Amino acid sequence: MHPKHHLALSHLHTLPPAAALVVGIILLLFGRKLFWFFVGAVGFVVGAEAATTLFPHQPEWELIAGLILGVLGILMALFLQKVAIGVGGFLAGGYLAMILLRMLEVPDNNHLSWVALVVGGIIGAILMFTVFDWALIILSSVSGAHLIVNSTGLLPAAGGLTFIACILVGVFVQSRFLVPRSREVE
């Protein structure tokens, strides 16, 4: 495994560790409640990662692409919620599929990465439309856990355990905010 790959993604040049930690904690604990933030954060990370691949050795494009996709994600989440649900699910699902490839140490292959992005994205979008609350809780918990672990520089074994523990905490905390349908005010 490449030394700069902690749990999955390469280091995020555009997001200092302290910022990644804060964004990760917000996603982990409040991703469902702050849907617009979730879509914006995932858009930023995916945009920065895509720019790294598309424009190697041009780090300024990471920030530019990240900001563009992040702001577009926030605007869609605020004004075009149905579109944002699909786009947010697609981006998060694709992002997580690419993380999985790297966790499994699959050799870098642009074609395989694009296939993983598209397949993961389609699955993420379908999940967001069919089981929105739980998909958002899980996707934001996994995304937040990844940012937290990636920002800490933990060794792989400790990082893996921390990643799993963070996901469990995020799912537990966010699920506590769900109001059971039978208890809703009628």
# chains A, B, ... in the order shown; residues from 1 in each chain; ligands from 1

call {"tool": "residues_around", "arguments": {"residues": "Leu91 of chain A", "least_positions_apart": "5", "cutoff": "8 Å", "atoms": "only C-alpha atoms", "output": "number ranges by chain"}}
result
A: 42-43, 46, 121, 124

call {"tool": "write_last_selection", "arguments": {"atoms": "N, CA, C and O atoms", "output": "compact mmCIF listing (two decimals), in the first residue's frame"}}
result
# COMPACT_ATOMS: atom_id res chain seq x y z
N VAL A 42 -19.27 16.17 0.29
CA VAL A 42 -18.96 15.07 -0.62
C VAL A 42 -18.61 15.63 -2.00
O VAL A 42 -17.68 15.17 -2.65
N GLY A 43 -19.33 16.66 -2.44
CA GLY A 43 -19.00 17.30 -3.72
C GLY A 43 -17.60 17.86 -3.72
O GLY A 43 -16.84 17.70 -4.69
N VAL A 46 -15.03 14.82 -3.75
CA VAL A 46 -15.03 14.16 -5.06
C VAL A 46 -14.43 15.08 -6.12
O VAL A 46 -13.64 14.64 -6.95
N GLY A 121 -21.87 4.83 -7.67
CA GLY A 121 -22.74 6.00 -7.76
C GLY A 121 -24.18 5.63 -8.02
O GLY A 121 -25.10 6.17 -7.40
N GLY A 124 -25.56 4.13 -4.87
CA GLY A 124 -25.78 5.19 -3.89
C GLY A 124 -27.02 6.01 -4.21
O GLY A 124 -27.81 6.33 -3.32

call {"tool": "closest_atom_pairs", "arguments": {"of": "segment 37-63 of chain A", "to": "segment 17-25 of chain A", "cutoff": "10 Å", "atoms": "only C-alpha atoms", "output": "JSON lines"}}
result
{"residue": "A:Phe37", "atom": "CA", "partner": "A:Val23", "partner_atom": "CA", "distance": 9.0}
{"residue": "A:Phe38", "atom": "CA", "partner": "A:Val23", "partner_atom": "CA", "distance": 9.2}
{"residue": "A:Ala41", "atom": "CA", "partner": "A:Val23", "partner_atom": "CA", "distance": 7.5}
{"residue": "A:Val45", "atom": "CA", "partner": "A:Ala20", "partner_atom": "CA", "distance": 10.0}

call {"tool": "closest_residue", "arguments": {"among": "A:Ile26, A:Val169, A:Leu127, A:Leu63", "to": "Leu139 of chain A", "atoms": "only C-alpha atoms"}}
result
A:Leu127

call {"tool": "select_by_dssp", "arguments": {"residues": "segment 18-184 of chain A", "states": "alpha helix (DSSP H)", "output": "ChimeraX atom specification"}}
result
/A:18-30,35-54,60-79,81-103,110-130,132-152,156-175

call {"tool": "closest_atom_pairs", "arguments": {"of": "segment 73-151 of chain A", "to": "segment 29-36 of chain A", "cutoff": "6 Å", "atoms": "only C-alpha atoms", "output": "tab-separated table"}}
result
residue	atom	partner	partner_atom	distance
A:Ile74	CA	A:Trp36	CA	5.1
A:Ala77	CA	A:Trp36	CA	4.9
A:Leu136	CA	A:Arg32	CA	5.6
A:Ile137	CA	A:Arg32	CA	5.5
A:Ser140	CA	A:Gly31	CA	5.1

call {"tool": "write_last_selection", "arguments": {"atoms": "N, CA and C atoms", "output": "PDB file, in the first residue's frame"}}
result
ATOM      1  N   ILE A  74     -24.243  22.236  -2.519  1.00  0.00           N
ATOM      2  CA  ILE A  74     -25.012  22.969  -1.508  1.00  0.00           C
ATOM      3  C   ILE A  74     -26.215  23.664  -2.146  1.00  0.00           C
ATOM      4  N   ALA A  77     -28.831  21.135  -2.985  1.00  0.00           N
ATOM      5  CA  ALA A  77     -29.486  20.626  -1.782  1.00  0.00           C
ATOM      6  C   ALA A  77     -30.493  21.635  -1.236  1.00  0.00           C
ATOM      7  N   LEU A 136     -28.745   8.043   3.934  1.00  0.00           N
ATOM      8  CA  LEU A 136     -28.039   9.273   4.305  1.00  0.00           C
ATOM      9  C   LEU A 136     -27.259   9.085   5.601  1.00  0.00           C
ATOM     10  N   ILE A 137     -27.840   8.418   6.565  1.00  0.00           N
ATOM     11  CA  ILE A 137     -27.146   8.157   7.830  1.00  0.00           C
ATOM     12  C   ILE A 137     -25.890   7.323   7.578  1.00  0.00           C
ATOM     13  N   SER A 140     -23.274   9.282   5.211  1.00  0.00           N
ATOM     14  CA  SER A 140     -22.613  10.392   5.904  1.00  0.00           C
ATOM     15  C   SER A 140     -21.733   9.885   7.038  1.00  0.00           C
TER      16      SER A 140
END

call {"tool": "residues_around", "arguments": {"residues": "Ile123 of chain A", "least_positions_apart": "5", "cutoff": "8 Å", "atoms": "only C-alpha atoms", "output": "NGL selection string"}}
result
:A and (89-90 or 93)

call {"tool": "write_last_selection", "arguments": {"atoms": "N, CA, C and O atoms", "output": "compact mmCIF listing (two decimals), in the first residue's frame"}}
result
# COMPACT_ATOMS: atom_id res chain seq x y z
N GLY A 89 -26.33 11.03 -3.50
CA GLY A 89 -26.21 9.57 -3.42
C GLY A 89 -25.21 9.03 -4.42
O GLY A 89 -24.41 8.15 -4.11
N PHE A 90 -25.25 9.58 -5.64
CA PHE A 90 -24.32 9.13 -6.67
C PHE A 90 -22.88 9.44 -6.27
O PHE A 90 -22.00 8.58 -6.34
N GLY A 93 -21.88 7.33 -3.13
CA GLY A 93 -21.73 5.91 -3.50
C GLY A 93 -20.49 5.68 -4.35
O GLY A 93 -19.75 4.71 -4.14

call {"tool": "closest_atom_pairs", "arguments": {"of": "segment 44-74 of chain A", "to": "segment 94-108 of chain A", "cutoff": "12 Å", "atoms": "only C-alpha atoms", "output": "JSON lines"}}
result
{"residue": "A:Phe44", "atom": "CA", "partner": "A:Tyr95", "partner_atom": "CA", "distance": 11.2}
{"residue": "A:Val45", "atom": "CA", "partner": "A:Tyr95", "partner_atom": "CA", "distance": 8.5}
{"residue": "A:Val46", "atom": "CA", "partner": "A:Tyr95", "partner_atom": "CA", "distance": 6.6}
{"residue": "A:Gly47", "atom": "CA", "partner": "A:Tyr95", "partner_atom": "CA", "distance": 10.3}
{"residue": "A:Ala48", "atom": "CA", "partner": "A:Tyr95", "partner_atom": "CA", "distance": 11.4}
{"residue": "A:Glu49", "atom": "CA", "partner": "A:Tyr95", "partner_atom": "CA", "distance": 9.2}
{"residue": "A:Ala50", "atom": "CA", "partner": "A:Tyr95", "partner_atom": "CA", "distance": 10.2}
{"residue": "A:Thr53", "atom": "CA", "partner": "A:Asp108", "partner_atom": "CA", "distance": 11.1}

call {"tool": "write_last_selection", "arguments": {"atoms": "C-alpha atoms", "output": "compact mmCIF listing (two decimals), in the first residue's frame"}}
result
# COMPACT_ATOMS: atom_id res chain seq x y z
CA PHE A 44 -15.87 19.05 -2.51
CA VAL A 45 -13.98 15.82 -1.79
CA VAL A 46 -15.03 14.16 -5.06
CA GLY A 47 -14.19 17.31 -7.04
CA ALA A 48 -10.74 17.54 -5.43
CA GLU A 49 -10.07 13.84 -6.05
CA ALA A 50 -11.26 14.05 -9.67
CA THR A 53 -6.63 12.44 -11.45

call {"tool": "closest_residue", "arguments": {"among": "A:Gly144, A:Gly70, A:Gly86, A:Gly170", "to": "Val131 of chain A", "atoms": "only C-alpha atoms"}}
result
A:Gly86

call {"tool": "closest_residue", "arguments": {"among": "A:Pro156, A:Ala125, A:Leu117, A:Ile167", "to": "Ile138 of chain A", "atoms": "only C-alpha atoms"}}
result
A:Ile167

call {"tool": "residues_around", "arguments": {"residues": "Phe163 of chain A", "least_positions_apart": "4", "cutoff": "7 Å", "atoms": "only C-alpha atoms", "output": "PDB file with C-alpha atoms, in the first residue's frame"}}
result
ATOM      1  CA  ALA A 145     -15.402   8.343   9.524  1.00  0.00           C
ATOM      2  CA  HIS A 146     -13.127   8.325   6.498  1.00  0.00           C
ATOM      3  CA  VAL A 149      -9.300   8.663  10.099  1.00  0.00           C
ATOM      4  CA  GLY A 159      -7.091   3.358  11.417  1.00  0.00           C
ATOM      5  CA  ILE A 167     -19.147   4.470  11.615  1.00  0.00           C
TER       6      ILE A 167
END

call {"tool": "closest_residue", "arguments": {"among": "A:Leu54, A:Val142, A:Leu72, A:Leu27", "to": "Ala165 of chain A", "atoms": "only C-alpha atoms"}}
result
A:Val142
